[in-house]
Amino acid sequence: MVKICVAGAINWDINLFVERFPQIGEEVPVVKITRVPGGKAANVAVAAARILGPGETALIGCLGRDAIAEQQMRILEDEGVVVSGIKVTEDAESGQAYIIIDKAGRNVINTLFGANLKLLPEDLQNKPIFDLLRESSIVTLVDPPVETIQAAVHIAKKHQKTVVWDAGVRSVLGLRKLRKVLESLDYLVLNQVEVKNLTGESDPQLAWERLSTINERLKLIVKLGEKGCTFIDRDRIIDVQGVNLKELGLHVVNTVGCGDAFLGVFVASKAQGLNDEESLERANLAGALKATKPATRGSPTMDELEKYLKSKKPGRVMKRT
């Protein structure tokens, strides 16, 4: 039975590894090139499936009718992701991302959204997709079109599902335009830049205060990269420290997809019945371990996660006053 539905982008990633980023007008040699499956929602679904096992995570998205789509579907099925919620369109080619990664693991990304923009609100009423939304316990939204996000939230809340949204690029739309979505969320996941884009506040606590005027039940998760993450709701603040990879004998290779591994393991942990603090600690570790892998979908398996769980640092919980 499907426990988690993830909706959003499915991309084919072309990764260019370089010593350093070029300046405007400068040519820099490519050290290595890889072509791998990606897309934030697909990455999240795979990360969750590696924790939950086959058949418990479904992906809702859209691909073009092309060779990329055939390869993507095969890879997702091999990962144990349920693909019956993926629409295939004749109107656009499958999404692609062109990613430049320097020797420190930093990245810049240019994306052709393509078929990802063709996942429409009315598609959610199609029986294969609607059944997945109704069957799952957690609906995880990443980067579909905003109208599709609104429709998914409406269906999910009507059927009393937990709704998690990683706002990502949509955060630039601001609180007023996203109010309708924010009113019904259970969890909102942002990085530091997105917190500022959405709320105008750099401080996560001040950001939550602004968000709480729209939805006081909202749980805000702020991803802080190598510094860990912060969780805020109306009762408490949970700070989870970053993972020192050197202490584990590991080092950063590629940070692309770390946030996706974080989100996938967080929702998988919640689906397994873990509390917020435990889920955040596991998610934080998963994001760090992904950084040690060159692949965009380098999220850990359950066995890999358990290997390092004993070394994770417990979150610090503070009551809000």
# chains A, B, ... in the order shown; residues from 1 in each chain; ligands from 1

$ closest_atom_pairs --of "segment 8-109 of chain A" --to "segment 161-173 of chain A" --cutoff "12 Å" --atoms "only C-alpha atoms" --output "CSV"
residue,atom,partner,partner_atom,distance
A:Gly8,CA,A:Asp166,CA,10.2
A:Ala9,CA,A:Gly168,CA,11.6
A:Lys40,CA,A:Gly168,CA,9.5
A:Ala41,CA,A:Asp166,CA,9.6
A:Val44,CA,A:Asp166,CA,10.4

$ residues_around --residues "Ala7 of chain A" --least-positions-apart "4" --cutoff "9 Å" --atoms "only C-alpha atoms" --output "ChimeraX atom specification"
/A:41-42,45,58-61,85,139-144,149,152

$ atom_distance --atom1 "atom CA of Gly228 of chain A" --atom2 "atom CA of Arg316 of chain A"
11.6 Å

$ residues_around --residues "segment 200-210 of chain A" --least-positions-apart "5" --cutoff "9 Å" --atoms "only C-alpha atoms" --output "ChimeraX atom specification"
/A:174-175,192-193,195,216,218-222,230-234,237

$ atom_distance --atom1 "atom CA of Val6 of chain A" --atom2 "atom CA of Val317 of chain A"
28.6 Å

$ residues_around --residues "Ser279 of chain A" --least-positions-apart "3" --cutoff "9 Å" --atoms "only C-alpha atoms" --output "PyMOL selection string"
chain A and resi 265-270+274-276+282-284

$ select_by_dssp --residues "segment 4-240 of chain A" --states "helix (DSSP H, G or I)" --output "VMD selection string"
chain A and resid 40 to 52 67 to 78 114 to 118 121 to 125 127 to 135 146 to 158 168 to 182 192 to 199 204 to 212 225 to 227

$ select_by_dssp --residues "segment 78-298 of chain A" --states "strand (DSSP E)" --output "ChimeraX atom specification"
/A:81-82,86-89,95-101,107-112,138-141,162-166,187-191,219-223,228-232,236-241

$ write_last_selection --atoms "C-alpha atoms" --output "PDB file, in the first residue's frame"
ATOM      1  CA  VAL A  81       8.685   3.819  -6.892  1.00  0.00           C
ATOM      2  CA  VAL A  82       5.053   3.432  -8.037  1.00  0.00           C
ATOM      3  CA  ILE A  86       3.039   9.762 -14.092  1.00  0.00           C
ATOM      4  CA  LYS A  87       1.342  11.434 -17.060  1.00  0.00           C
ATOM      5  CA  VAL A  88       2.917  11.260 -20.534  1.00  0.00           C
ATOM      6  CA  THR A  89       2.335  14.240 -22.843  1.00  0.00           C
ATOM      7  CA  GLY A  95      12.439  17.926 -18.355  1.00  0.00           C
ATOM      8  CA  GLN A  96      16.212  18.361 -18.317  1.00  0.00           C
ATOM      9  CA  ALA A  97      18.663  20.131 -16.010  1.00  0.00           C
ATOM     10  CA  TYR A  98      22.161  21.336 -16.877  1.00  0.00           C
ATOM     11  CA  ILE A  99      24.267  21.477 -13.720  1.00  0.00           C
ATOM     12  CA  ILE A 100      27.796  22.854 -13.264  1.00  0.00           C
ATOM     13  CA  ILE A 101      29.596  21.544 -10.168  1.00  0.00           C
ATOM     14  CA  ASN A 107      26.611  24.044  -8.085  1.00  0.00           C
ATOM     15  CA  VAL A 108      24.694  26.252 -10.485  1.00  0.00           C
ATOM     16  CA  ILE A 109      21.673  24.854 -12.323  1.00  0.00           C
ATOM     17  CA  ASN A 110      19.834  25.737 -15.534  1.00  0.00           C
ATOM     18  CA  THR A 111      16.579  23.829 -16.056  1.00  0.00           C
ATOM     19  CA  LEU A 112      14.349  23.120 -19.037  1.00  0.00           C
ATOM     20  CA  ILE A 138       1.434  11.830   3.417  1.00  0.00           C
ATOM     21  CA  VAL A 139       1.170  14.005   0.310  1.00  0.00           C
ATOM     22  CA  THR A 140       4.509  15.649  -0.446  1.00  0.00           C
ATOM     23  CA  LEU A 141       4.471  18.533  -2.907  1.00  0.00           C
ATOM     24  CA  THR A 162      -0.708  15.167   6.064  1.00  0.00           C
ATOM     25  CA  VAL A 163       0.563  17.729   3.539  1.00  0.00           C
ATOM     26  CA  VAL A 164       4.247  18.653   3.211  1.00  0.00           C
ATOM     27  CA  TRP A 165       5.410  21.309   0.755  1.00  0.00           C
ATOM     28  CA  ASP A 166       8.971  22.154  -0.247  1.00  0.00           C
ATOM     29  CA  TYR A 187       4.749  21.226   7.050  1.00  0.00           C
ATOM     30  CA  LEU A 188       6.545  23.884   4.993  1.00  0.00           C
ATOM     31  CA  VAL A 189      10.159  23.152   4.005  1.00  0.00           C
ATOM     32  CA  LEU A 190      12.501  25.957   2.882  1.00  0.00           C
ATOM     33  CA  ASN A 191      16.183  26.765   2.689  1.00  0.00           C
ATOM     34  CA  LYS A 219       5.322  23.518  11.111  1.00  0.00           C
ATOM     35  CA  LEU A 220       8.271  25.280   9.468  1.00  0.00           C
ATOM     36  CA  ILE A 221      11.444  23.378   8.581  1.00  0.00           C
ATOM     37  CA  VAL A 222      14.447  25.435   7.487  1.00  0.00           C
ATOM     38  CA  LYS A 223      17.309  23.577   5.811  1.00  0.00           C
ATOM     39  CA  GLY A 228      21.869  21.305   9.946  1.00  0.00           C
ATOM     40  CA  CYS A 229      18.237  22.388  10.172  1.00  0.00           C
ATOM     41  CA  THR A 230      15.736  24.236  12.341  1.00  0.00           C
ATOM     42  CA  PHE A 231      12.113  23.290  13.061  1.00  0.00           C
ATOM     43  CA  ILE A 232       9.579  25.780  14.426  1.00  0.00           C
ATOM     44  CA  ARG A 236       8.730  24.526  20.248  1.00  0.00           C
ATOM     45  CA  ILE A 237      11.920  25.024  18.315  1.00  0.00           C
ATOM     46  CA  ILE A 238      14.116  22.070  17.365  1.00  0.00           C
ATOM     47  CA  ASP A 239      17.701  22.725  16.269  1.00  0.00           C
ATOM     48  CA  VAL A 240      19.568  19.833  14.646  1.00  0.00           C
ATOM     49  CA  GLN A 241      23.315  20.352  14.219  1.00  0.00           C
TER      50      GLN A 241
END

$ residues_around --residues "Asn254 of chain A" --least-positions-apart "2" --cutoff "9 Å" --atoms "only C-alpha atoms" --output "JSON, numbers by chain"
{"A": [101, 102, 103, 104, 105, 106, 107, 252, 256, 257, 258, 290, 291, 292, 293, 294, 295, 296]}

$ write_last_selection --atoms "C-alpha atoms" --output "mmCIF file, in the first residue's frame"
data_model
loop_
_atom_site.group_PDB
_atom_site.id
_atom_site.type_symbol
_atom_site.label_atom_id
_atom_site.label_comp_id
_atom_site.auth_asym_id
_atom_site.auth_seq_id
_atom_site.Cartn_x
_atom_site.Cartn_y
_atom_site.Cartn_z
ATOM 1 C CA ILE A 101 29.596 21.544 -10.168
ATOM 2 C CA ASP A 102 32.933 22.915 -8.933
ATOM 3 C CA LYS A 103 35.620 21.031 -6.998
ATOM 4 C CA ALA A 104 34.102 22.157 -3.663
ATOM 5 C CA GLY A 105 30.807 20.483 -4.582
ATOM 6 C CA ARG A 106 28.964 23.775 -5.139
ATOM 7 C CA ASN A 107 26.611 24.044 -8.085
ATOM 8 C CA VAL A 252 31.849 16.392 0.103
ATOM 9 C CA VAL A 256 23.155 18.662 -5.756
ATOM 10 C CA GLY A 257 20.168 16.725 -4.375
ATOM 11 C CA CYS A 258 21.039 17.002 -0.670
ATOM 12 C CA LYS A 290 24.135 12.331 -0.066
ATOM 13 C CA ALA A 291 26.779 15.082 -0.354
ATOM 14 C CA THR A 292 29.455 12.359 -0.345
ATOM 15 C CA LYS A 293 28.036 10.806 -3.535
ATOM 16 C CA PRO A 294 28.489 12.170 -7.084
ATOM 17 C CA ALA A 295 24.985 11.156 -8.234
ATOM 18 C CA THR A 296 22.053 13.545 -7.840
#
